[in-house]
Amino acid sequence: MRTFVVAGGCFWCLDAVYRTLKGVSDVVSGYTGGSTAHPSYEAVCTGTTGHAEAVKVVFDETVIPASVILDVFFTLHDPRQLNRQGNDIGTQYRSAMFYADEPQKAEFEAARDRAAEYWDAGVGDGGIVTTIEPLGEWYDAEEYHQDFFAKNPNQGYCLAVALPKVNKIRKSYAEYVLAS
């Protein structure tokens, strides 16, 4: 099993999408990339902790390639938006990948380069702004954030923002999507 930690807007969307994929055994919403110990959701939302809303994606590479996990990440959010995704604004919503070691860092850089071609934009200067940062301390988000979409399918944000992302991935990566 492998684990990637990524951030691209609200973690509810990332969680919702990755849970639909074959070979993904766990998705945990949480906070990383900041300096505040044991941050709460409310503190992270202020944008002052330095943390990003992120997910840990645990997957079986014999079922779903690592490159697909990473390509899904760059498909489900817009990596050209600095410190935001749509109406979610602040550094806590930044596009970021948190690497555990140098080989993973290289993997993330390759995925970012593929994404730059997909989005027809270079890295930086109005192109891809996704940061690749060392994985620091990880803090699980509060329980009510875990598997939020499945627990709250009719919640307004889920219907307006998360569901379209789930549907986009279901269509673009159909061979890797679990049967509904």
# chains A, B, ... in the order shown; residues from 1 in each chain; ligands from 1
call {"tool": "select_by_dssp", "arguments": {"residues": "segment 72-119 of chain A", "states": "strand (DSSP E)", "output": "list in words"}}
result
Arg84, Gln85, Asp88, Ile89, Ser95, Ala96, Met97, Phe98 and Tyr99 of chain A
call {"tool": "select_by_dssp", "arguments": {"residues": "chain A", "states": "alpha helix (DSSP H)", "output": "PyMOL selection string"}}
result
chain A and resi 11-18+41-45+66-76+102-118+148-151+156-157+163-172
call {"tool": "closest_residue", "arguments": {"among": "A:Ser29, A:Gln92, A:Val17, A:Pro79", "to": "Lys168 of chain A", "atoms": "only C-alpha atoms"}}
result
A:Val17
call {"tool": "closest_atom_pairs", "arguments": {"of": "segment 79-119 of chain A", "to": "segment 152-158 of chain A", "cutoff": "12 Å", "atoms": "only C-alpha atoms", "output": "CSV"}}
result
residue,atom,partner,partner_atom,distance
A:Gly86,CA,A:Tyr157,CA,11.8
A:Asn87,CA,A:Tyr157,CA,10.8
A:Asp88,CA,A:Tyr157,CA,10.9
call {"tool": "residues_around", "arguments": {"residues": "segment 143-145 of chain A", "least_positions_apart": "6", "cutoff": "9 Å", "atoms": "only C-alpha atoms", "output": "ChimeraX atom specification"}}
result
/A:11-12,28-30,151
call {"tool": "residues_around", "arguments": {"residues": "Phe4 of chain A", "least_positions_apart": "6", "cutoff": "9 Å", "atoms": "only C-alpha atoms", "output": "PyMOL selection string"}}
result
chain A and resi 55-59+66+69-70+97-100+104
call {"tool": "residues_around", "arguments": {"residues": "Asp140 of chain A", "least_positions_apart": "6", "cutoff": "12 Å", "atoms": "only C-alpha atoms", "output": "list in words"}}
result
Val5, Phe11, Val27, Val28, Ser29, Gly30, Tyr31, Thr32, Ala37, His38, Pro39, Ser40, Tyr41, His51, Ala52, Glu53, Ala54, Val55, Lys56 and Gln146 of chain A
